[in-house]
Amino acid sequence: MMELKAVGVVHSPYLKRGDAPFQGRMENLTSKVEIFEEFAPALKDVEDFSHLFILYWADRANRETLQNRTPFDEDPEALHGVFSTRTPNRPNPINIGIVDLVEREGNVLTVRGLDAFDQSAVLDIKPYSGRLDAVGHANSQRSKEEK
């Protein structure tokens, strides 16, 4: 049995489908990530990092979707398996965003680059490490997407 527990909630300007950008990193808007008081001690030293991974639950995603189009395709009719796309629509809509940590005030993080809807559940936060997480030689057969 698998059990997830929300550790916080997102407060963002994105209220409905169509509001959020296709990639949060492409926008300059800020959001607040409020960590519940019981998990506030887990934020110790988080401000030592300029960037964070925010894992959140896309509760408004379509969980039945197994194939999807992407905005990068030269062929607009091309379908790809959701595991080869970044669509929030997938069997388990666990989404991840790499965000800039703008500031921390107690149990609230102000972040830039998150595309989560307002009131999305935060599942986890992990520090981003340029040394460990950046893969310089990574590529995609859909190279247009990488640009």
# chains A, B, ... in the order shown; residues from 1 in each chain; ligands from 1

$ select_by_dssp --residues "chain A" --states "strand (DSSP E or B)" --output "ChimeraX atom specification"
/A:8-11,30-35,51-57,67-68,80-81,94-105,108-112,121-127

$ residues_around --residues "Asn92 in chain A" --least-positions-apart "3" --cutoff "9 Å" --atoms "only C-alpha atoms" --output "list in words"
Trp57, Ala58, Arg63, Pro88, Asn89 and Asn95 of chain A

$ residues_around --residues "Pro93 in chain A" --least-positions-apart "5" --cutoff "12 Å" --atoms "only C-alpha atoms" --output "ChimeraX atom specification"
/A:55-66,82-83,86-88,116,120-121,123

$ write_last_selection --atoms "N, CA, C and O atoms" --output "PDB file, in the first residue's frame"
ATOM      1  N   LEU A  55       8.067  19.013  -5.952  1.00  0.00           N
ATOM      2  CA  LEU A  55       7.212  17.937  -6.444  1.00  0.00           C
ATOM      3  C   LEU A  55       5.810  18.206  -5.928  1.00  0.00           C
ATOM      4  O   LEU A  55       5.621  18.433  -4.724  1.00  0.00           O
ATOM      5  N   TYR A  56       4.857  18.215  -6.848  1.00  0.00           N
ATOM      6  CA  TYR A  56       3.487  18.544  -6.450  1.00  0.00           C
ATOM      7  C   TYR A  56       2.495  17.658  -7.191  1.00  0.00           C
ATOM      8  O   TYR A  56       2.811  17.043  -8.198  1.00  0.00           O
ATOM      9  N   TRP A  57       1.297  17.596  -6.641  1.00  0.00           N
ATOM     10  CA  TRP A  57       0.241  16.764  -7.186  1.00  0.00           C
ATOM     11  C   TRP A  57      -0.639  17.612  -8.088  1.00  0.00           C
ATOM     12  O   TRP A  57      -1.212  18.602  -7.645  1.00  0.00           O
ATOM     13  N   ALA A  58      -0.742  17.220  -9.353  1.00  0.00           N
ATOM     14  CA  ALA A  58      -1.566  17.937 -10.328  1.00  0.00           C
ATOM     15  C   ALA A  58      -2.990  17.372 -10.260  1.00  0.00           C
ATOM     16  O   ALA A  58      -3.404  16.557 -11.085  1.00  0.00           O
ATOM     17  N   ASP A  59      -3.740  17.794  -9.268  1.00  0.00           N
ATOM     18  CA  ASP A  59      -5.052  17.208  -8.992  1.00  0.00           C
ATOM     19  C   ASP A  59      -6.083  17.449 -10.097  1.00  0.00           C
ATOM     20  O   ASP A  59      -7.078  16.757 -10.172  1.00  0.00           O
ATOM     21  N   ARG A  60      -5.831  18.412 -10.975  1.00  0.00           N
ATOM     22  CA  ARG A  60      -6.782  18.700 -12.056  1.00  0.00           C
ATOM     23  C   ARG A  60      -6.367  18.062 -13.382  1.00  0.00           C
ATOM     24  O   ARG A  60      -6.955  18.303 -14.416  1.00  0.00           O
ATOM     25  N   ALA A  61      -5.351  17.218 -13.344  1.00  0.00           N
ATOM     26  CA  ALA A  61      -4.872  16.541 -14.549  1.00  0.00           C
ATOM     27  C   ALA A  61      -5.808  15.392 -14.918  1.00  0.00           C
ATOM     28  O   ALA A  61      -6.533  14.871 -14.081  1.00  0.00           O
ATOM     29  N   ASN A  62      -5.731  15.005 -16.177  1.00  0.00           N
ATOM     30  CA  ASN A  62      -6.483  13.861 -16.675  1.00  0.00           C
ATOM     31  C   ASN A  62      -5.646  12.611 -16.443  1.00  0.00           C
ATOM     32  O   ASN A  62      -4.636  12.406 -17.104  1.00  0.00           O
ATOM     33  N   ARG A  63      -6.088  11.748 -15.545  1.00  0.00           N
ATOM     34  CA  ARG A  63      -5.321  10.559 -15.173  1.00  0.00           C
ATOM     35  C   ARG A  63      -5.517   9.400 -16.141  1.00  0.00           C
ATOM     36  O   ARG A  63      -4.876   8.362 -16.004  1.00  0.00           O
ATOM     37  N   GLU A  64      -6.396   9.555 -17.118  1.00  0.00           N
ATOM     38  CA  GLU A  64      -6.641   8.511 -18.106  1.00  0.00           C
ATOM     39  C   GLU A  64      -5.737   8.657 -19.332  1.00  0.00           C
ATOM     40  O   GLU A  64      -5.640   7.743 -20.144  1.00  0.00           O
ATOM     41  N   THR A  65      -5.076   9.795 -19.476  1.00  0.00           N
ATOM     42  CA  THR A  65      -4.268  10.082 -20.659  1.00  0.00           C
ATOM     43  C   THR A  65      -2.993   9.245 -20.652  1.00  0.00           C
ATOM     44  O   THR A  65      -2.254   9.249 -19.679  1.00  0.00           O
ATOM     45  N   LEU A  66      -2.754   8.535 -21.757  1.00  0.00           N
ATOM     46  CA  LEU A  66      -1.538   7.746 -21.905  1.00  0.00           C
ATOM     47  C   LEU A  66      -0.665   8.249 -23.049  1.00  0.00           C
ATOM     48  O   LEU A  66       0.525   7.954 -23.099  1.00  0.00           O
ATOM     49  N   VAL A  82       2.960   9.452 -22.539  1.00  0.00           N
ATOM     50  CA  VAL A  82       3.125  10.491 -21.524  1.00  0.00           C
ATOM     51  C   VAL A  82       4.445  10.382 -20.770  1.00  0.00           C
ATOM     52  O   VAL A  82       4.948  11.380 -20.262  1.00  0.00           O
ATOM     53  N   PHE A  83       5.034   9.195 -20.742  1.00  0.00           N
ATOM     54  CA  PHE A  83       6.323   9.053 -20.066  1.00  0.00           C
ATOM     55  C   PHE A  83       7.465   9.655 -20.870  1.00  0.00           C
ATOM     56  O   PHE A  83       8.590   9.758 -20.381  1.00  0.00           O
ATOM     57  N   ARG A  86       6.285  15.954 -20.812  1.00  0.00           N
ATOM     58  CA  ARG A  86       6.177  16.597 -19.506  1.00  0.00           C
ATOM     59  C   ARG A  86       4.750  17.013 -19.181  1.00  0.00           C
ATOM     60  O   ARG A  86       4.526  17.829 -18.306  1.00  0.00           O
ATOM     61  N   THR A  87       3.790  16.442 -19.899  1.00  0.00           N
ATOM     62  CA  THR A  87       2.406  16.790 -19.639  1.00  0.00           C
ATOM     63  C   THR A  87       2.018  16.449 -18.200  1.00  0.00           C
ATOM     64  O   THR A  87       2.467  15.436 -17.658  1.00  0.00           O
ATOM     65  N   PRO A  88       1.187  17.268 -17.574  1.00  0.00           N
ATOM     66  CA  PRO A  88       0.690  16.908 -16.239  1.00  0.00           C
ATOM     67  C   PRO A  88      -0.334  15.774 -16.308  1.00  0.00           C
ATOM     68  O   PRO A  88      -0.603  15.129 -15.303  1.00  0.00           O
ATOM     69  N   ALA A 116       2.551  25.273 -11.108  1.00  0.00           N
ATOM     70  CA  ALA A 116       1.469  24.583 -10.397  1.00  0.00           C
ATOM     71  C   ALA A 116       0.262  25.495 -10.226  1.00  0.00           C
ATOM     72  O   ALA A 116       0.396  26.701 -10.021  1.00  0.00           O
ATOM     73  N   SER A 120      -2.471  23.547  -5.248  1.00  0.00           N
ATOM     74  CA  SER A 120      -1.897  22.223  -5.509  1.00  0.00           C
ATOM     75  C   SER A 120      -1.163  21.736  -4.268  1.00  0.00           C
ATOM     76  O   SER A 120      -0.493  22.516  -3.581  1.00  0.00           O
ATOM     77  N   ALA A 121      -1.276  20.451  -3.995  1.00  0.00           N
ATOM     78  CA  ALA A 121      -0.585  19.861  -2.851  1.00  0.00           C
ATOM     79  C   ALA A 121       0.898  19.706  -3.151  1.00  0.00           C
ATOM     80  O   ALA A 121       1.276  19.222  -4.223  1.00  0.00           O
ATOM     81  N   LEU A 123       4.202  17.724  -2.473  1.00  0.00           N
ATOM     82  CA  LEU A 123       4.561  16.383  -2.002  1.00  0.00           C
ATOM     83  C   LEU A 123       5.952  16.327  -1.396  1.00  0.00           C
ATOM     84  O   LEU A 123       6.204  15.572  -0.472  1.00  0.00           O
TER      85      LEU A 123
END

$ residues_around --residues "Leu114 in chain A" --least-positions-apart "6" --cutoff "12 Å" --atoms "only C-alpha atoms" --output "NGL selection string"
:A and (10-14 or 20-33 or 51-56 or 95-102 or 120 or 122)

$ atom_distance --atom1 "CA of Gly8 in chain A" --atom2 "CA of Ala40 in chain A"
9.4 Å

$ atom_distance --atom1 "CA of Val111 in chain A" --atom2 "CA of Phe49 in chain A"
11.8 Å

$ decode --residues "range 99-136 of chain A" --atoms "C-alpha atoms" --output "mmCIF file, in the first residue's frame"
data_model
loop_
_atom_site.group_PDB
_atom_site.id
_atom_site.type_symbol
_atom_site.label_atom_id
_atom_site.label_comp_id
_atom_site.auth_asym_id
_atom_site.auth_seq_id
_atom_site.Cartn_x
_atom_site.Cartn_y
_atom_site.Cartn_z
ATOM 1 C CA VAL A 99 12.355 26.806 -9.278
ATOM 2 C CA ASP A 100 14.461 29.759 -8.214
ATOM 3 C CA LEU A 101 14.257 30.255 -4.467
ATOM 4 C CA VAL A 102 13.585 33.980 -4.108
ATOM 5 C CA GLU A 103 13.207 34.033 -0.326
ATOM 6 C CA ARG A 104 12.160 32.104 2.722
ATOM 7 C CA GLU A 105 9.967 33.616 5.406
ATOM 8 C CA GLY A 106 9.411 31.035 8.133
ATOM 9 C CA ASN A 107 7.483 28.167 6.579
ATOM 10 C CA VAL A 108 6.751 30.010 3.299
ATOM 11 C CA LEU A 109 9.027 29.916 0.265
ATOM 12 C CA THR A 110 8.701 32.482 -2.491
ATOM 13 C CA VAL A 111 9.736 30.803 -5.719
ATOM 14 C CA ARG A 112 10.000 31.764 -9.381
ATOM 15 C CA GLY A 113 9.278 29.384 -12.254
ATOM 16 C CA LEU A 114 6.627 27.087 -10.775
ATOM 17 C CA ASP A 115 3.686 26.203 -13.049
ATOM 18 C CA ALA A 116 1.469 24.583 -10.397
ATOM 19 C CA PHE A 117 -2.145 25.622 -10.005
ATOM 20 C CA ASP A 118 -3.189 27.495 -6.904
ATOM 21 C CA GLN A 119 -3.925 25.102 -4.013
ATOM 22 C CA SER A 120 -1.897 22.223 -5.509
ATOM 23 C CA ALA A 121 -0.585 19.861 -2.851
ATOM 24 C CA VAL A 122 3.176 19.925 -2.330
ATOM 25 C CA LEU A 123 4.561 16.383 -2.002
ATOM 26 C CA ASP A 124 8.251 17.082 -1.483
ATOM 27 C CA ILE A 125 11.061 19.575 -1.913
ATOM 28 C CA LYS A 126 14.595 18.635 -2.886
ATOM 29 C CA PRO A 127 17.615 20.875 -3.414
ATOM 30 C CA TYR A 128 18.840 21.272 -6.981
ATOM 31 C CA SER A 129 22.549 20.599 -7.459
ATOM 32 C CA GLY A 130 24.185 21.797 -10.667
ATOM 33 C CA ARG A 131 26.936 19.233 -10.122
ATOM 34 C CA LEU A 132 24.584 16.288 -9.645
ATOM 35 C CA ASP A 133 21.421 17.205 -11.548
ATOM 36 C CA ALA A 134 22.700 18.860 -14.725
ATOM 37 C CA VAL A 135 23.639 16.403 -17.467
ATOM 38 C CA GLY A 136 25.648 18.338 -20.026
#
